[in-house]
Amino acid sequence: MTQYVINGGNKLHGEIEISGAKNAAVAIIPAALMVNGVCRIENLPQISDVSTLLNILKEMGAVIRVVDKRTIDIDCSHVGTSSATFDTMRRIRASYYLIGALLGRFGKADVAMPGGCNFGGVRPIDQHMKGFVAMGAEMTVQNGIVSATTGGRLRGASIYLDVVSVGATINLMLGAALADGNTFIENAAREPHIVDLANFLNSMGADIRGAGTNVIKVRGARRLNGGFYSIIPDQIEAGTYMAAVAGAGGEVLIKDVIPKHLECISGKLREMGVSVFEHEDSVTVRRVAPLLGAHVKTMPYPGFPTDMQPQISTILSTATGTSTVTEGVWDNRFSYTDELAKMGGSIRVIGRTAIIEGVPYITGAPIKAGDLRAGAALVIAGLCARGVTVLEGVNYIERGYEKMIKKLSAIGADIHSRYVSDEPQIVVQEAG
Ligand code: EPZ
């Protein structure tokens with residue numbers, strides 16, 4: 001088992017480079033299945049969710065060539081199957097994008113029900129299924145496998161999403177890209193990675209308009225051809241390091257970002273007394289005065305992102321006064337607050353709202369992450385705390401953050417990982 005050991009209290013200074021967006025990469029890699037020819041994908045983040053998806057594609061017969069550490073060529077021309085190994089699929093949430101990609105390409109799909117982060121609530125896919133049924137697919141779920149079939153190809157349809165769902169918007173866009181006729185996705189999600197996927201598909205020959213608004217129109221293409229594409233920077237990785245600087249104090253230049261994607265985060269940090277300066281493709285975050293309490297509500301983009309909720313609650317733990325953080329996307333995403341309580345944080349959760357009484361400081365403790373963003377938040381807690389924090393469950397962090405320890409160490413954090421055996425220790429006493 002790997003643990004992160006953090007000696008808190010250092011201020012952060014220097015520069016940090018942001019990697020390609022995880023949630024764009026995990027949509028674009030399955031989309032490569034729909035392409036006849038070689039897709040060159042640049043700015044891929046080096047994270048375990050990306051490796052898992054590439055392994056799924058390889059198992060299906062894709063040829064993958066590593067060009068350099070951030071660039072790969074994927075050739076799915078010879079993939080002839082509509083299913084993959086279910087065990088690998090279950091490890092990752094984004095495997096559900098294989099449903100849209102395989103339905104688009106083969107008119108049928110067999111995909112294991114997605115795994116991924118479980119923050120305590122149910123993660124349904126009814127809106128994905130409703131959309132594919134409207135497009136003419138027959139869908140069944142048995143023994144944890146989603147099976148979808150069509151007579152030949154999906155047919156374009158008008159689909160109104162009952163909830164603003166990132167996953168359903170992406171999945172239906174994938175299927176629609178190779179359907180017969182036009183598809184309209186209404187009440188669509190507008191996250192930056194939805195626009196990125198649309199740009200990727202359009203650069204391969206799809207005809208998708210309106211991505212980034214709440215109505216997306218897809219004119220089905222007969223085929224998609226290979227090409228080049230570079231993934232956008234990761235909004236949430238950038239936001240996580242912005243929160244780390246806000247919490248620990250100091251001044252850091254966060255490079256290779258799209259400042260517009262960060263406005264929802266920058267605005268909230270400014271309310272908390274943090275200076276955020278936007279440049280062309282970077283932001284400077286500086287915090288010298290004590291943090292001020294704030295009220296936050298998570299919402300679909302362009303609202304404050306749910307994937308930043310644990311990080312902002314963590315830094316509000318040592319802000320002045322009483323803050324509230326309301327989760328507007330997921331039923332339950334507050335399990336990490338029990339770990340913050342072990343560090344001296346004072347957070348009460350009532351329904352979907354956390355009420356945070358700011359304390360002067362928190363202290364290091366042995367704690368455990370239960371999901372990706374909770375893990376990132378607990379690293380920030382360790383950086384802000386007095387004393388040593390030992391964090392378990394870091395495999396979640398490595399699913400979505402490239403080289404977090406290296407990046408944080410470079411800006412002055414005292415953090416390292418260590419391996420601890422899970423085996424029970426047998427003490428052998430020497431005779432005599
Ligand atoms: C994506 O998950 C992200 N994952 C999540 O990021 C993120 O938290 C979430 O969008 C919201 O922004 C990926 O992109 C791989 P949703 P997704 O469908 O697509 C309800 C991270 O930390 N809903 O937008 O699964 C659902 O219960 C991860 O990087 C239905 O009711 O989320 C939730 O309340 C974690 N029926 C809301 O919609 C459905 O069919 C939004 O979910 C689908 C969703």
# chains A, B, ... in the order shown; residues from 1 in each chain; ligands from 1
call {"tool": "closest_atom_pairs", "arguments": {"of": "chain A", "to": "ligand 1", "cutoff": "7 Å", "atoms": "only C-alpha atoms and all ligand atoms", "output": "tab-separated table"}}
result
residue	atom	partner	partner_atom_place_in_ligand_line	distance
A:Asn23	CA	ligand 1	14 (O)	4.4
A:Val26	CA	ligand 1	15 (C)	6.5
A:Arg93	CA	ligand 1	15 (C)	5.9
A:Ala94	CA	ligand 1	15 (C)	4.9
A:Cys117	CA	ligand 1	35 (C)	6.0
A:Val122	CA	ligand 1	27 (O)	6.3
A:Arg123	CA	ligand 1	27 (O)	4.7
A:Pro124	CA	ligand 1	36 (N)	4.7
A:Ile125	CA	ligand 1	40 (O)	3.2
A:Asp126	CA	ligand 1	40 (O)	3.9
A:Gln127	CA	ligand 1	40 (O)	3.5
A:His128	CA	ligand 1	40 (O)	5.1
A:Val163	CA	ligand 1	38 (O)	5.5
A:Val164	CA	ligand 1	38 (O)	6.0
A:Ser165	CA	ligand 1	24 (O)	3.4
A:Val166	CA	ligand 1	24 (O)	3.7
A:Gly167	CA	ligand 1	19 (O)	3.2
A:Ala168	CA	ligand 1	18 (O)	5.8
A:Pro300	CA	ligand 1	12 (O)	6.1
A:Pro305	CA	ligand 1	12 (O)	6.5
A:Thr306	CA	ligand 1	8 (O)	5.7
A:Asp307	CA	ligand 1	22 (O)	5.0
A:Val329	CA	ligand 1	34 (O)	4.7
A:Trp330	CA	ligand 1	34 (O)	4.2
A:Asp331	CA	ligand 1	34 (O)	6.2
A:Leu372	CA	ligand 1	22 (O)	5.8
A:Arg373	CA	ligand 1	22 (O)	5.4
call {"tool": "residues_around", "arguments": {"residues": "segment 319-322 of chain A", "least_positions_apart": "5", "cutoff": "9 Å", "atoms": "only C-alpha atoms", "output": "list in words"}}
result
Gly247, Met272, Pro290, Leu291, Leu292, Gly293, Ala294, His295, Ile355, Ile356, Glu357, Gly358, Val359 and Pro360 of chain A
call {"tool": "residues_around", "arguments": {"residues": "segment 142-156 of chain A", "least_positions_apart": "3", "cutoff": "7 Å", "atoms": "only C-alpha atoms", "output": "list of chain:residue names"}}
result
A:Gly104, A:Gly107, A:Lys108, A:Ala109, A:Asp110, A:Val111, A:Ala112, A:Met113, A:Met135, A:Gly136, A:Ala137, A:Glu138, A:Met139, A:Ala176, A:Ala179, A:Asp180, A:Gly181, A:Asn182, A:Thr183
call {"tool": "write_last_selection", "arguments": {"atoms": "C-alpha atoms", "output": "compact mmCIF listing (two decimals), in the first residue's frame"}}
result
# COMPACT_ATOMS: atom_id res chain seq x y z
CA GLY A 104 -22.01 4.31 -33.32
CA GLY A 107 -24.70 -0.77 -34.04
CA LYS A 108 -24.29 -2.94 -30.94
CA ALA A 109 -22.39 -2.95 -27.66
CA ASP A 110 -21.82 -5.10 -24.57
CA VAL A 111 -20.26 -3.10 -21.78
CA ALA A 112 -19.83 -3.76 -18.05
CA MET A 113 -21.72 -1.34 -15.79
CA MET A 135 -32.24 6.50 -31.23
CA GLY A 136 -33.61 3.00 -31.89
CA ALA A 137 -31.44 0.81 -29.64
CA GLU A 138 -32.79 -2.06 -27.57
CA MET A 139 -31.10 -1.91 -24.17
CA ALA A 176 -25.12 10.39 -32.79
CA ALA A 179 -26.12 7.71 -36.63
CA ASP A 180 -28.47 7.98 -39.61
CA GLY A 181 -29.88 11.53 -39.63
CA ASN A 182 -29.90 14.41 -37.18
CA THR A 183 -29.86 14.25 -33.38
call {"tool": "select_by_dssp", "arguments": {"residues": "segment 272-375 of chain A", "states": "alpha helix (DSSP H)", "output": "list in words"}}
result
Gln309, Pro310, Gln311, Ile312, Ser313, Thr314, Ile315, Leu316, Thr337, Asp338, Glu339, Leu340, Ala341, Lys342, Leu372, Arg373, Ala374 and Gly375 of chain A
call {"tool": "write_last_selection", "arguments": {"atoms": "all heavy atoms", "output": "short mmCIF file (atom, residue, chain, number, x, y, z; two decimals), in the first residue's frame"}}
result
data_model
loop_
_atom_site.label_atom_id
_atom_site.label_comp_id
_atom_site.auth_asym_id
_atom_site.auth_seq_id
_atom_site.Cartn_x
_atom_site.Cartn_y
_atom_site.Cartn_z
N GLN A 309 -15.49 20.65 -5.01
CA GLN A 309 -16.19 20.84 -3.72
C GLN A 309 -15.37 20.38 -2.52
O GLN A 309 -15.22 21.14 -1.54
CB GLN A 309 -17.55 20.12 -3.82
CG GLN A 309 -18.44 20.27 -2.63
CD GLN A 309 -18.43 19.00 -1.80
OE1 GLN A 309 -17.67 18.88 -0.84
NE2 GLN A 309 -19.26 18.05 -2.17
N PRO A 310 -14.76 19.18 -2.54
CA PRO A 310 -13.97 18.79 -1.37
C PRO A 310 -12.76 19.72 -1.13
O PRO A 310 -12.43 20.02 0.02
CB PRO A 310 -13.49 17.37 -1.71
CG PRO A 310 -14.46 16.88 -2.74
CD PRO A 310 -14.83 18.10 -3.54
N GLN A 311 -12.14 20.19 -2.21
CA GLN A 311 -10.96 21.05 -2.06
C GLN A 311 -11.36 22.39 -1.44
O GLN A 311 -10.66 22.92 -0.58
CB GLN A 311 -10.30 21.29 -3.44
CG GLN A 311 -9.81 20.06 -4.17
CD GLN A 311 -10.86 19.45 -5.08
OE1 GLN A 311 -12.01 19.27 -4.70
NE2 GLN A 311 -10.47 19.12 -6.29
N ILE A 312 -12.50 22.98 -1.88
CA ILE A 312 -12.87 24.30 -1.35
C ILE A 312 -13.32 24.17 0.10
O ILE A 312 -13.02 25.00 0.94
CB ILE A 312 -13.93 25.00 -2.26
CG1 ILE A 312 -13.89 26.51 -2.06
CG2 ILE A 312 -15.34 24.53 -2.01
CD1 ILE A 312 -12.93 27.23 -2.91
N SER A 313 -14.06 23.08 0.43
CA SER A 313 -14.50 22.90 1.83
C SER A 313 -13.28 22.77 2.73
O SER A 313 -13.29 23.26 3.86
CB SER A 313 -15.33 21.61 1.98
OG SER A 313 -16.45 21.65 1.17
N THR A 314 -12.26 22.10 2.24
CA THR A 314 -11.05 21.89 3.05
C THR A 314 -10.41 23.22 3.40
O THR A 314 -10.08 23.47 4.56
CB THR A 314 -10.07 20.98 2.28
OG1 THR A 314 -10.70 19.72 2.12
CG2 THR A 314 -8.76 20.81 3.02
N ILE A 315 -10.26 24.10 2.41
CA ILE A 315 -9.58 25.36 2.74
C ILE A 315 -10.50 26.27 3.54
O ILE A 315 -10.03 27.08 4.33
CB ILE A 315 -8.93 26.05 1.52
CG1 ILE A 315 -9.96 26.41 0.46
CG2 ILE A 315 -7.85 25.18 0.93
CD1 ILE A 315 -9.34 27.29 -0.65
N LEU A 316 -11.81 26.12 3.39
CA LEU A 316 -12.73 26.93 4.20
C LEU A 316 -12.67 26.52 5.68
O LEU A 316 -13.11 27.28 6.55
CB LEU A 316 -14.16 26.83 3.66
CG LEU A 316 -14.41 27.63 2.37
CD1 LEU A 316 -15.77 27.30 1.77
CD2 LEU A 316 -14.30 29.14 2.63
N THR A 337 -15.33 14.60 4.97
CA THR A 337 -15.41 15.53 6.12
C THR A 337 -15.10 14.80 7.43
O THR A 337 -14.63 15.41 8.38
CB THR A 337 -16.78 16.25 6.20
OG1 THR A 337 -17.80 15.25 6.28
CG2 THR A 337 -17.00 17.15 5.00
N ASP A 338 -15.34 13.48 7.47
CA ASP A 338 -14.98 12.71 8.68
C ASP A 338 -13.47 12.74 8.88
O ASP A 338 -12.97 12.77 10.00
CB ASP A 338 -15.41 11.24 8.54
CG ASP A 338 -16.92 11.09 8.55
OD1 ASP A 338 -17.59 12.04 9.01
OD2 ASP A 338 -17.43 10.03 8.11
N GLU A 339 -12.72 12.71 7.76
CA GLU A 339 -11.25 12.74 7.86
C GLU A 339 -10.79 14.14 8.31
O GLU A 339 -9.88 14.26 9.12
CB GLU A 339 -10.61 12.38 6.51
CG GLU A 339 -11.06 11.05 5.94
CD GLU A 339 -10.83 9.89 6.89
OE1 GLU A 339 -9.66 9.61 7.20
OE2 GLU A 339 -11.83 9.26 7.33
N LEU A 340 -11.45 15.19 7.79
CA LEU A 340 -11.07 16.55 8.21
C LEU A 340 -11.34 16.74 9.70
O LEU A 340 -10.59 17.44 10.39
CB LEU A 340 -11.85 17.60 7.40
CG LEU A 340 -11.43 17.80 5.95
CD1 LEU A 340 -12.30 18.86 5.29
CD2 LEU A 340 -9.96 18.21 5.86
N ALA A 341 -12.39 16.09 10.19
CA ALA A 341 -12.70 16.20 11.63
C ALA A 341 -11.54 15.62 12.46
O ALA A 341 -11.20 16.14 13.52
CB ALA A 341 -14.01 15.48 11.94
N LYS A 342 -10.91 14.54 11.94
CA LYS A 342 -9.77 13.95 12.67
C LYS A 342 -8.61 14.94 12.76
O LYS A 342 -7.73 14.80 13.59
CB LYS A 342 -9.26 12.68 11.96
CG LYS A 342 -10.26 11.54 12.00
CD LYS A 342 -9.70 10.34 11.22
CE LYS A 342 -10.78 9.29 11.02
NZ LYS A 342 -10.44 8.32 9.97
N LEU A 372 -11.30 10.15 -5.65
CA LEU A 372 -10.27 11.00 -6.28
C LEU A 372 -10.20 12.41 -5.71
O LEU A 372 -9.15 12.87 -5.26
CB LEU A 372 -10.57 11.04 -7.79
CG LEU A 372 -9.82 12.05 -8.64
CD1 LEU A 372 -8.34 11.75 -8.64
CD2 LEU A 372 -10.37 12.02 -10.08
N ARG A 373 -11.32 13.14 -5.74
CA ARG A 373 -11.26 14.55 -5.31
C ARG A 373 -11.16 14.66 -3.80
O ARG A 373 -10.57 15.62 -3.29
CB ARG A 373 -12.47 15.33 -5.84
CG ARG A 373 -12.68 15.23 -7.34
CD ARG A 373 -11.49 15.68 -8.17
NE ARG A 373 -11.73 15.38 -9.59
CZ ARG A 373 -10.83 15.50 -10.55
NH1 ARG A 373 -9.60 15.89 -10.27
NH2 ARG A 373 -11.13 15.20 -11.81
N ALA A 374 -11.72 13.68 -3.07
CA ALA A 374 -11.53 13.66 -1.62
C ALA A 374 -10.03 13.51 -1.35
O ALA A 374 -9.47 14.17 -0.46
CB ALA A 374 -12.30 12.50 -1.01
N GLY A 375 -9.36 12.67 -2.12
CA GLY A 375 -7.93 12.46 -1.95
C GLY A 375 -7.17 13.76 -2.17
O GLY A 375 -6.29 14.13 -1.38
#
call {"tool": "atom_distance", "arguments": {"atom1": "atom CA of Pro233 of chain A", "atom2": "atom CA of Gly37 of chain A"}}
result
25.4 Å
call {"tool": "residues_around", "arguments": {"residues": "Ile254 of chain A", "least_positions_apart": "2", "cutoff": "12 Å", "atoms": "only C-alpha atoms", "output": "PyMOL selection string"}}
result
chain A and resi 12-19+233-235+237-245+251-252+256-259+262+276-286+407-408+411
call {"tool": "decode", "arguments": {"residues": "segment 225-329 of chain A", "atoms": "C-alpha atoms", "output": "PDB file, in the first residue's frame"}}
result
ATOM      1  CA  ASN A 225     -11.257   9.514 -40.607  1.00  0.00           C
ATOM      2  CA  GLY A 226      -7.973   9.778 -38.709  1.00  0.00           C
ATOM      3  CA  GLY A 227      -6.263  13.040 -37.767  1.00  0.00           C
ATOM      4  CA  PHE A 228      -4.441  14.975 -35.009  1.00  0.00           C
ATOM      5  CA  TYR A 229      -5.889  16.389 -31.807  1.00  0.00           C
ATOM      6  CA  SER A 230      -4.501  18.044 -28.673  1.00  0.00           C
ATOM      7  CA  ILE A 231      -6.470  17.736 -25.423  1.00  0.00           C
ATOM      8  CA  ILE A 232      -7.359  20.878 -23.429  1.00  0.00           C
ATOM      9  CA  PRO A 233      -5.740  21.588 -20.030  1.00  0.00           C
ATOM     10  CA  ASP A 234      -7.369  20.109 -16.946  1.00  0.00           C
ATOM     11  CA  GLN A 235      -9.676  22.650 -15.294  1.00  0.00           C
ATOM     12  CA  ILE A 236      -9.942  20.644 -12.073  1.00  0.00           C
ATOM     13  CA  GLU A 237      -6.240  19.884 -11.740  1.00  0.00           C
ATOM     14  CA  ALA A 238      -5.576  23.634 -12.100  1.00  0.00           C
ATOM     15  CA  GLY A 239      -8.339  24.445  -9.609  1.00  0.00           C
ATOM     16  CA  THR A 240      -6.897  21.943  -7.130  1.00  0.00           C
ATOM     17  CA  TYR A 241      -3.469  23.634  -7.158  1.00  0.00           C
ATOM     18  CA  MET A 242      -5.139  27.068  -6.952  1.00  0.00           C
ATOM     19  CA  ALA A 243      -6.931  25.859  -3.808  1.00  0.00           C
ATOM     20  CA  ALA A 244      -3.668  24.427  -2.445  1.00  0.00           C
ATOM     21  CA  VAL A 245      -1.953  27.829  -2.751  1.00  0.00           C
ATOM     22  CA  ALA A 246      -5.016  29.563  -1.268  1.00  0.00           C
ATOM     23  CA  GLY A 247      -4.955  27.148   1.678  1.00  0.00           C
ATOM     24  CA  ALA A 248      -1.218  26.926   2.350  1.00  0.00           C
ATOM     25  CA  GLY A 249      -0.380  30.536   1.386  1.00  0.00           C
ATOM     26  CA  GLY A 250       2.351  31.781  -0.974  1.00  0.00           C
ATOM     27  CA  GLU A 251       2.379  32.704  -4.660  1.00  0.00           C
ATOM     28  CA  VAL A 252       2.367  30.293  -7.611  1.00  0.00           C
ATOM     29  CA  LEU A 253       2.126  30.723 -11.386  1.00  0.00           C
ATOM     30  CA  ILE A 254      -0.179  28.012 -12.705  1.00  0.00           C
ATOM     31  CA  LYS A 255       0.803  27.454 -16.339  1.00  0.00           C
ATOM     32  CA  ASP A 256      -0.806  25.882 -19.423  1.00  0.00           C
ATOM     33  CA  VAL A 257      -4.415  26.623 -18.487  1.00  0.00           C
ATOM     34  CA  ILE A 258      -7.417  28.243 -20.162  1.00  0.00           C
ATOM     35  CA  PRO A 259      -8.193  31.058 -17.656  1.00  0.00           C
ATOM     36  CA  LYS A 260     -11.815  31.305 -18.851  1.00  0.00           C
ATOM     37  CA  HIS A 261     -12.450  27.709 -17.692  1.00  0.00           C
ATOM     38  CA  LEU A 262     -11.202  28.708 -14.234  1.00  0.00           C
ATOM     39  CA  GLU A 263     -13.393  31.797 -13.762  1.00  0.00           C
ATOM     40  CA  CYS A 264     -15.898  29.983 -11.538  1.00  0.00           C
ATOM     41  CA  ILE A 265     -13.015  28.985  -9.231  1.00  0.00           C
ATOM     42  CA  SER A 266     -11.034  32.259  -9.457  1.00  0.00           C
ATOM     43  CA  GLY A 267     -14.150  34.290  -8.566  1.00  0.00           C
ATOM     44  CA  LYS A 268     -14.787  32.246  -5.409  1.00  0.00           C
ATOM     45  CA  LEU A 269     -11.143  32.430  -4.324  1.00  0.00           C
ATOM     46  CA  ARG A 270     -11.195  36.232  -4.738  1.00  0.00           C
ATOM     47  CA  GLU A 271     -14.251  36.364  -2.444  1.00  0.00           C
ATOM     48  CA  MET A 272     -12.113  34.512   0.087  1.00  0.00           C
ATOM     49  CA  GLY A 273      -9.413  37.199  -0.023  1.00  0.00           C
ATOM     50  CA  VAL A 274      -7.077  35.428  -2.461  1.00  0.00           C
ATOM     51  CA  SER A 275      -5.526  37.349  -5.375  1.00  0.00           C
ATOM     52  CA  VAL A 276      -5.917  35.640  -8.753  1.00  0.00           C
ATOM     53  CA  PHE A 277      -4.371  37.309 -11.808  1.00  0.00           C
ATOM     54  CA  GLU A 278      -5.227  36.000 -15.264  1.00  0.00           C
ATOM     55  CA  HIS A 279      -2.677  35.938 -18.074  1.00  0.00           C
ATOM     56  CA  GLU A 280      -3.020  34.540 -21.602  1.00  0.00           C
ATOM     57  CA  ASP A 281      -2.527  30.869 -20.740  1.00  0.00           C
ATOM     58  CA  SER A 282      -1.687  30.970 -17.041  1.00  0.00           C
ATOM     59  CA  VAL A 283      -2.954  32.375 -13.739  1.00  0.00           C
ATOM     60  CA  THR A 284      -1.049  33.655 -10.704  1.00  0.00           C
ATOM     61  CA  VAL A 285      -2.529  32.806  -7.312  1.00  0.00           C
ATOM     62  CA  ARG A 286      -1.315  34.712  -4.262  1.00  0.00           C
ATOM     63  CA  ARG A 287      -2.532  34.457  -0.686  1.00  0.00           C
ATOM     64  CA  VAL A 288      -0.909  36.517   2.039  1.00  0.00           C
ATOM     65  CA  ALA A 289      -3.791  37.559   4.357  1.00  0.00           C
ATOM     66  CA  PRO A 290      -6.023  35.156   6.334  1.00  0.00           C
ATOM     67  CA  LEU A 291      -8.738  33.383   4.303  1.00  0.00           C
ATOM     68  CA  LEU A 292     -12.266  34.736   4.564  1.00  0.00           C
ATOM     69  CA  GLY A 293     -15.291  32.415   4.901  1.00  0.00           C
ATOM     70  CA  ALA A 294     -17.633  32.077   1.893  1.00  0.00           C
ATOM     71  CA  HIS A 295     -20.789  30.377   0.663  1.00  0.00           C
ATOM     72  CA  VAL A 296     -20.433  27.952  -2.232  1.00  0.00           C
ATOM     73  CA  LYS A 297     -22.971  25.966  -4.258  1.00  0.00           C
ATOM     74  CA  THR A 298     -21.850  23.457  -6.840  1.00  0.00           C
ATOM     75  CA  MET A 299     -23.613  23.428 -10.201  1.00  0.00           C
ATOM     76  CA  PRO A 300     -23.081  22.217 -13.753  1.00  0.00           C
ATOM     77  CA  TYR A 301     -20.664  24.385 -15.791  1.00  0.00           C
ATOM     78  CA  PRO A 302     -20.317  27.374 -15.776  1.00  0.00           C
ATOM     79  CA  GLY A 303     -21.225  27.075 -12.081  1.00  0.00           C
ATOM     80  CA  PHE A 304     -18.748  26.157  -9.352  1.00  0.00           C
ATOM     81  CA  PRO A 305     -17.667  22.550 -10.186  1.00  0.00           C
ATOM     82  CA  THR A 306     -18.669  19.659  -7.931  1.00  0.00           C
ATOM     83  CA  ASP A 307     -15.196  18.210  -8.632  1.00  0.00           C
ATOM     84  CA  MET A 308     -13.759  21.165  -6.636  1.00  0.00           C
ATOM     85  CA  GLN A 309     -16.192  20.838  -3.723  1.00  0.00           C
ATOM     86  CA  PRO A 310     -13.966  18.792  -1.367  1.00  0.00           C
ATOM     87  CA  GLN A 311     -10.965  21.051  -2.065  1.00  0.00           C
ATOM     88  CA  ILE A 312     -12.868  24.302  -1.349  1.00  0.00           C
ATOM     89  CA  SER A 313     -14.497  22.896   1.827  1.00  0.00           C
ATOM     90  CA  THR A 314     -11.054  21.894   3.046  1.00  0.00           C
ATOM     91  CA  ILE A 315      -9.577  25.358   2.740  1.00  0.00           C
ATOM     92  CA  LEU A 316     -12.726  26.935   4.201  1.00  0.00           C
ATOM     93  CA  SER A 317     -12.030  24.858   7.339  1.00  0.00           C
ATOM     94  CA  THR A 318      -9.418  27.415   8.390  1.00  0.00           C
ATOM     95  CA  ALA A 319     -11.149  30.532   7.000  1.00  0.00           C
ATOM     96  CA  THR A 320     -12.654  33.140   9.309  1.00  0.00           C
ATOM     97  CA  GLY A 321     -16.307  32.773  10.343  1.00  0.00           C
ATOM     98  CA  THR A 322     -18.947  30.301   9.213  1.00  0.00           C
ATOM     99  CA  SER A 323     -19.027  29.039   5.620  1.00  0.00           C
ATOM    100  CA  THR A 324     -21.535  26.831   3.838  1.00  0.00           C
ATOM    101  CA  VAL A 325     -20.919  24.496   0.917  1.00  0.00           C
ATOM    102  CA  THR A 326     -23.983  23.069  -0.826  1.00  0.00           C
ATOM    103  CA  GLU A 327     -23.616  20.132  -3.208  1.00  0.00           C
ATOM    104  CA  GLY A 328     -25.924  20.754  -6.156  1.00  0.00           C
ATOM    105  CA  VAL A 329     -24.911  17.859  -8.429  1.00  0.00           C
TER     106      VAL A 329
END
